Structures are given as C-alpha cells and as structure tokens.
file protein-v1.cif (mmCIF, C-alpha atoms)
data_entry
loop_
_atom_site.group_PDB
_atom_site.id
_atom_site.type_symbol
_atom_site.label_atom_id
_atom_site.label_comp_id
_atom_site.auth_asym_id
_atom_site.auth_seq_id
_atom_site.Cartn_x
_atom_site.Cartn_y
_atom_site.Cartn_z
ATOM 1 C CA MET A 1 -102.427 -59.709 20.811
ATOM 2 C CA PRO A 2 -103.213 -62.769 23.000
ATOM 3 C CA SER A 3 -102.169 -61.154 26.321
ATOM 4 C CA LEU A 4 -100.602 -57.961 27.594
ATOM 5 C CA ASP A 5 -97.566 -59.661 29.134
ATOM 6 C CA ARG A 6 -96.520 -60.565 25.572
ATOM 7 C CA LEU A 7 -96.842 -56.933 24.479
ATOM 8 C CA ALA A 8 -94.712 -55.167 27.103
ATOM 9 C CA ARG A 9 -92.179 -56.095 29.770
ATOM 10 C CA SER A 10 -93.128 -53.409 32.285
ATOM 11 C CA LEU A 11 -95.797 -50.814 33.025
ATOM 12 C CA PRO A 12 -93.738 -47.876 31.653
ATOM 13 C CA ASP A 13 -93.079 -49.891 28.503
ATOM 14 C CA ALA A 14 -96.811 -50.620 28.124
ATOM 15 C CA ARG A 15 -97.636 -46.934 28.609
ATOM 16 C CA ALA A 16 -95.133 -45.936 25.932
ATOM 17 C CA ILE A 17 -96.736 -48.416 23.528
ATOM 18 C CA ALA A 18 -100.212 -47.096 24.413
ATOM 19 C CA ASP A 19 -99.047 -43.507 23.783
ATOM 20 C CA GLU A 20 -97.679 -44.517 20.407
ATOM 21 C CA LEU A 21 -100.939 -46.281 19.530
ATOM 22 C CA THR A 22 -102.896 -43.186 20.606
ATOM 23 C CA ALA A 23 -100.742 -40.964 18.397
ATOM 24 C CA ARG A 24 -101.432 -43.256 15.444
ATOM 25 C CA ARG A 25 -105.170 -43.580 16.262
ATOM 26 C CA ILE A 26 -104.932 -47.372 16.554
ATOM 27 C CA SER A 27 -107.170 -49.504 18.770
ATOM 28 C CA LEU A 28 -105.669 -52.426 20.668
ATOM 29 C CA SER A 29 -107.258 -55.867 20.729
ATOM 30 C CA LEU A 30 -106.276 -57.945 23.787
ATOM 31 C CA GLY A 31 -107.804 -61.359 24.325
ATOM 32 C CA GLY A 32 -110.732 -60.631 22.027
ATOM 33 C CA SER A 33 -111.625 -57.267 23.631
ATOM 34 C CA VAL A 34 -110.890 -53.991 21.851
ATOM 35 C CA TYR A 35 -109.398 -51.160 23.929
ATOM 36 C CA ASP A 36 -109.375 -47.628 22.571
ATOM 37 C CA PRO A 37 -106.364 -45.804 24.068
ATOM 38 C CA THR A 38 -107.933 -42.408 23.208
ATOM 39 C CA ASP A 39 -110.879 -43.119 25.541
ATOM 40 C CA ALA A 40 -110.460 -42.565 29.329
ATOM 41 C CA VAL A 41 -111.999 -45.954 30.172
ATOM 42 C CA GLY A 42 -109.836 -47.663 27.542
ATOM 43 C CA ARG A 43 -106.680 -46.097 29.056
ATOM 44 C CA LEU A 44 -107.777 -47.126 32.550
ATOM 45 C CA LEU A 45 -108.390 -50.729 31.538
ATOM 46 C CA PHE A 46 -105.134 -50.851 29.587
ATOM 47 C CA ASN A 47 -103.162 -49.570 32.614
ATOM 48 C CA VAL A 48 -104.892 -51.993 34.996
ATOM 49 C CA LEU A 49 -104.162 -54.912 32.670
ATOM 50 C CA ALA A 50 -100.550 -53.756 32.319
ATOM 51 C CA MET A 51 -100.147 -53.585 36.115
ATOM 52 C CA VAL A 52 -101.613 -57.073 36.560
ATOM 53 C CA ALA A 53 -99.334 -58.457 33.824
ATOM 54 C CA GLU A 54 -96.267 -56.863 35.435
ATOM 55 C CA PHE A 55 -97.306 -58.175 38.866
ATOM 56 C CA GLU A 56 -97.747 -61.677 37.457
ATOM 57 C CA SER A 57 -94.323 -61.505 35.806
ATOM 58 C CA ASP A 58 -92.729 -60.379 39.096
ATOM 59 C CA LEU A 59 -94.406 -63.252 40.969
ATOM 60 C CA ILE A 60 -93.071 -65.788 38.473
ATOM 61 C CA ARG A 61 -89.584 -64.312 38.794
ATOM 62 C CA LEU A 62 -89.731 -64.416 42.621
ATOM 63 C CA ARG A 63 -90.958 -68.018 42.651
ATOM 64 C CA THR A 64 -88.190 -69.045 40.284
ATOM 65 C CA VAL A 65 -85.494 -67.439 42.447
ATOM 66 C CA GLU A 66 -87.028 -68.956 45.587
ATOM 67 C CA GLY A 67 -87.170 -72.408 43.988
ATOM 68 C CA MET A 68 -83.540 -72.150 42.895
ATOM 69 C CA LYS A 69 -82.486 -71.217 46.458
ATOM 70 C CA VAL A 70 -84.339 -74.238 47.879
ATOM 71 C CA ALA A 71 -82.813 -76.549 45.258
ATOM 72 C CA LYS A 72 -79.338 -75.154 45.944
ATOM 73 C CA ALA A 73 -79.800 -75.641 49.706
ATOM 74 C CA LYS A 74 -80.788 -79.270 49.071
ATOM 75 C CA GLY A 75 -77.830 -79.729 46.746
ATOM 76 C CA ARG A 76 -79.943 -80.308 43.654
ATOM 77 C CA LEU A 77 -79.006 -77.166 41.712
ATOM 78 C CA ARG A 78 -75.752 -78.152 40.099
ATOM 79 C CA GLY A 79 -75.943 -76.796 36.579
ATOM 80 C CA LYS A 80 -74.677 -78.594 33.526
ATOM 81 C CA GLN A 81 -72.398 -81.520 34.338
ATOM 82 C CA PRO A 82 -68.947 -81.677 32.716
ATOM 83 C CA LYS A 83 -68.517 -84.067 29.787
ATOM 84 C CA LEU A 84 -65.152 -85.289 31.063
ATOM 85 C CA SER A 85 -63.880 -86.188 34.521
ATOM 86 C CA ARG A 86 -60.709 -84.485 35.755
ATOM 87 C CA LYS A 87 -58.726 -87.618 34.996
ATOM 88 C CA GLN A 88 -60.108 -87.826 31.448
ATOM 89 C CA GLU A 89 -59.446 -84.123 30.926
ATOM 90 C CA ALA A 90 -55.838 -84.467 32.085
ATOM 91 C CA HIS A 91 -55.358 -87.471 29.769
ATOM 92 C CA LEU A 92 -56.878 -85.569 26.841
ATOM 93 C CA VAL A 93 -54.552 -82.593 27.393
ATOM 94 C CA SER A 94 -51.523 -84.859 27.676
ATOM 95 C CA LEU A 95 -52.401 -86.543 24.359
ATOM 96 C CA VAL A 96 -52.696 -83.182 22.620
ATOM 97 C CA HIS A 97 -49.481 -81.816 24.170
ATOM 98 C CA SER A 98 -47.514 -84.935 23.284
ATOM 99 C CA GLY A 99 -48.354 -84.367 19.634
ATOM 100 C CA GLU A 100 -49.739 -87.882 19.356
ATOM 101 C CA TYR A 101 -53.212 -86.538 18.506
ATOM 102 C CA SER A 102 -54.407 -83.304 16.965
ATOM 103 C CA THR A 103 -57.112 -81.299 18.694
ATOM 104 C CA LEU A 104 -59.743 -82.646 16.317
ATOM 105 C CA GLU A 105 -58.581 -86.263 16.730
ATOM 106 C CA ALA A 106 -58.570 -85.955 20.530
ATOM 107 C CA ALA A 107 -62.057 -84.440 20.433
ATOM 108 C CA GLU A 108 -63.331 -87.344 18.330
ATOM 109 C CA LEU A 109 -61.558 -89.883 20.558
ATOM 110 C CA PHE A 110 -63.291 -88.531 23.686
ATOM 111 C CA SER A 111 -66.593 -87.762 21.895
ATOM 112 C CA VAL A 112 -66.479 -84.044 22.687
ATOM 113 C CA GLY A 113 -66.253 -80.881 20.608
ATOM 114 C CA ARG A 114 -63.023 -79.113 19.763
ATOM 115 C CA SER A 115 -64.070 -76.213 21.984
ATOM 116 C CA THR A 116 -64.133 -78.619 24.949
ATOM 117 C CA VAL A 117 -60.549 -79.633 24.155
ATOM 118 C CA TYR A 118 -59.452 -75.992 23.955
ATOM 119 C CA ARG A 119 -61.184 -75.185 27.266
ATOM 120 C CA ALA A 120 -59.484 -78.190 28.921
ATOM 121 C CA ILE A 121 -56.082 -77.007 27.686
ATOM 122 C CA GLU A 122 -56.789 -73.484 28.927
ATOM 123 C CA ARG A 123 -57.934 -74.757 32.355
ATOM 124 C CA GLN A 124 -54.739 -76.755 32.705
ATOM 125 C CA ARG A 125 -52.666 -73.734 31.660
ATOM 126 C CA ILE A 126 -54.387 -71.547 34.272
ATOM 127 C CA ALA A 127 -53.945 -74.222 36.956
ATOM 128 C CA ALA A 128 -50.246 -74.513 36.094
ATOM 129 C CA ARG A 129 -49.791 -70.727 36.373
ATOM 130 C CA ALA A 130 -51.586 -70.710 39.731
ATOM 131 C CA GLY A 131 -49.353 -73.546 40.950
ATOM 132 C CA ILE A 132 -46.186 -71.689 39.887
ATOM 133 C CA ALA A 133 -47.371 -68.459 41.502
ATOM 134 C CA GLU A 134 -48.213 -70.299 44.727
ATOM 135 C CA ALA A 135 -44.827 -72.058 44.805
ATOM 136 C CA SER A 136 -42.909 -68.817 44.225
ATOM 137 C CA SER A 137 -44.857 -67.006 46.975
ATOM 138 C CA ARG A 138 -43.869 -69.686 49.521
ATOM 139 C CA ARG A 139 -40.146 -69.036 49.016
#

call {"tool": "encode", "arguments": {"input": "protein-v1.cif", "output": "structure tokens"}}
result
Amino acid sequence: MPSLDRLARSLPDARAIADELTARRISLSLGGSVYDPTDAVGRLLFNVLAMVAEFESDLIRLRTVEGMKVAKAKGRLRGKQPKLSRKQEAHLVSLVHSGEYSTLEAAELFSVGRSTVYRAIERQRIAARAGIAEASSRR
C-alpha cells in the first residue's frame, strides 16, 4: 500500500482494517515499512499514521470548502455553463412543439444531446405551470 490515506477513509475504518489483519495474522506494508498489527509498537504506529492521514484529509476538505466560498464571493464559482441561451432554448422548444422537427433533429440542429432537448421542454412546462398558478392566485 503506497499510503494509509488510500487504505482507509477514517480512523475507525483504519482500526477495523487493522483488526481484520490481526485476526488473519497479516502484516501491513506502508510506504516500504512493514507494520505488524499484533505488536504493540506496530499498532501504535499504525494508529498514529491513520490519525495523520485523517487529519490531512480533513485539511484538504476544509481548504476546498474555503476556496469555494472565496470564489463564490468573487463571483467566479458559477458551475457548468448552459449549452443554450434562454432565447435559443425557447426557439428549440417551439420547433419541437410545432412538429417541424423531431427531438433528435432539433438536438442535431442545435448541436446538443436529446436529453438537453427534453430538459428544455420540461423547464418550459414547469415555467408555464408556475405562470398559470401565479395568474390564478392574483384573481
């Protein structure tokens, strides 16, 4: 095993693996060193390495979340951009609803997948329902 963080996701998980290895009388080789989980020193070193690996994983996770917050505050965290603009999406849905183009033909025409066409149709359907519900609530 190249490193302990590849072996287990958390300290309890690493301990469970070490207990299983002990029951099977198997030694663990991490980074070129052999640790015997039946030996007290081997267990100690294994637990220390597991704690350091978990700590390192937590630090990476915290830095990632922190970086995403900073990017979002600066307006740089936007996710995947839509393939079609709202105007293109409305035009695509109108072509499909008019019967002039099939779903597959419309997808090829706009260079998108069929699933994108189906999602556009569904978004328009939801928007239409919301518009009807809003208009009826105003009466």

call {"tool": "atom_distance", "arguments": {"input": "protein-v1.cif", "atom1": "atom CA of Pro12 of chain A", "atom2": "atom CA of Ser33 of chain A"}}
result
21.7 Å

call {"tool": "resolve_selection", "arguments": {"input": "protein-v1.cif", "expression": "the PyMOL selection byres ((chain A and resi 20-32) around 10)", "output": "number ranges by chain"}}
result
A: 1-4, 7, 14-19, 33-39, 42-43, 46, 49

call {"tool": "residues_around", "arguments": {"input": "protein-v1.cif", "residues": "Arg119 of chain A", "least_positions_apart": "4", "cutoff": "12 Å", "atoms": "only C-alpha atoms", "output": "list in words"}}
result
Pro82, Lys83, Leu84, Glu89, Ala90, Leu92, Val93, Thr103, Ala107, Val112, Gly113, Arg114, Ser115, Arg123, Gln124, Arg125 and Ile126 of chain A

call {"tool": "resolve_selection", "arguments": {"input": "protein-v1.cif", "expression": "the PyMOL selection byres ((chain A and resi 57) around 12)", "output": "ChimeraX atom specification"}}
result
/A:4-6,8-11,50-56,58-64

call {"tool": "write_last_selection", "arguments": {"input": "protein-v1.cif", "atoms": "C-alpha atoms", "output": "mmCIF file, keeping the file's coordinate frame"}}
result
data_model
loop_
_atom_site.group_PDB
_atom_site.id
_atom_site.type_symbol
_atom_site.label_atom_id
_atom_site.label_comp_id
_atom_site.auth_asym_id
_atom_site.auth_seq_id
_atom_site.Cartn_x
_atom_site.Cartn_y
_atom_site.Cartn_z
ATOM 1 C CA LEU A 4 -100.602 -57.961 27.594
ATOM 2 C CA ASP A 5 -97.566 -59.661 29.134
ATOM 3 C CA ARG A 6 -96.520 -60.565 25.572
ATOM 4 C CA ALA A 8 -94.712 -55.167 27.103
ATOM 5 C CA ARG A 9 -92.179 -56.095 29.770
ATOM 6 C CA SER A 10 -93.128 -53.409 32.285
ATOM 7 C CA LEU A 11 -95.797 -50.814 33.025
ATOM 8 C CA ALA A 50 -100.550 -53.756 32.319
ATOM 9 C CA MET A 51 -100.147 -53.585 36.115
ATOM 10 C CA VAL A 52 -101.613 -57.073 36.560
ATOM 11 C CA ALA A 53 -99.334 -58.457 33.824
ATOM 12 C CA GLU A 54 -96.267 -56.863 35.435
ATOM 13 C CA PHE A 55 -97.306 -58.175 38.866
ATOM 14 C CA GLU A 56 -97.747 -61.677 37.457
ATOM 15 C CA ASP A 58 -92.729 -60.379 39.096
ATOM 16 C CA LEU A 59 -94.406 -63.252 40.969
ATOM 17 C CA ILE A 60 -93.071 -65.788 38.473
ATOM 18 C CA ARG A 61 -89.584 -64.312 38.794
ATOM 19 C CA LEU A 62 -89.731 -64.416 42.621
ATOM 20 C CA ARG A 63 -90.958 -68.018 42.651
ATOM 21 C CA THR A 64 -88.190 -69.045 40.284
#

call {"tool": "atom_distance", "arguments": {"input": "protein-v1.cif", "atom1": "atom CA of Gly79 of chain A", "atom2": "atom CA of Leu104 of chain A"}}
result
26.6 Å

call {"tool": "closest_residue", "arguments": {"input": "protein-v1.cif", "among": "A:Val117, A:Arg76, A:Glu66, A:Glu108", "to": "Val96 of chain A", "atoms": "all atoms listed in the file"}}
result
A:Val117

call {"tool": "atom_distance", "arguments": {"input": "protein-v1.cif", "atom1": "atom CA of His97 of chain A", "atom2": "atom CA of Ala128 of chain A"}}
result
14.0 Å
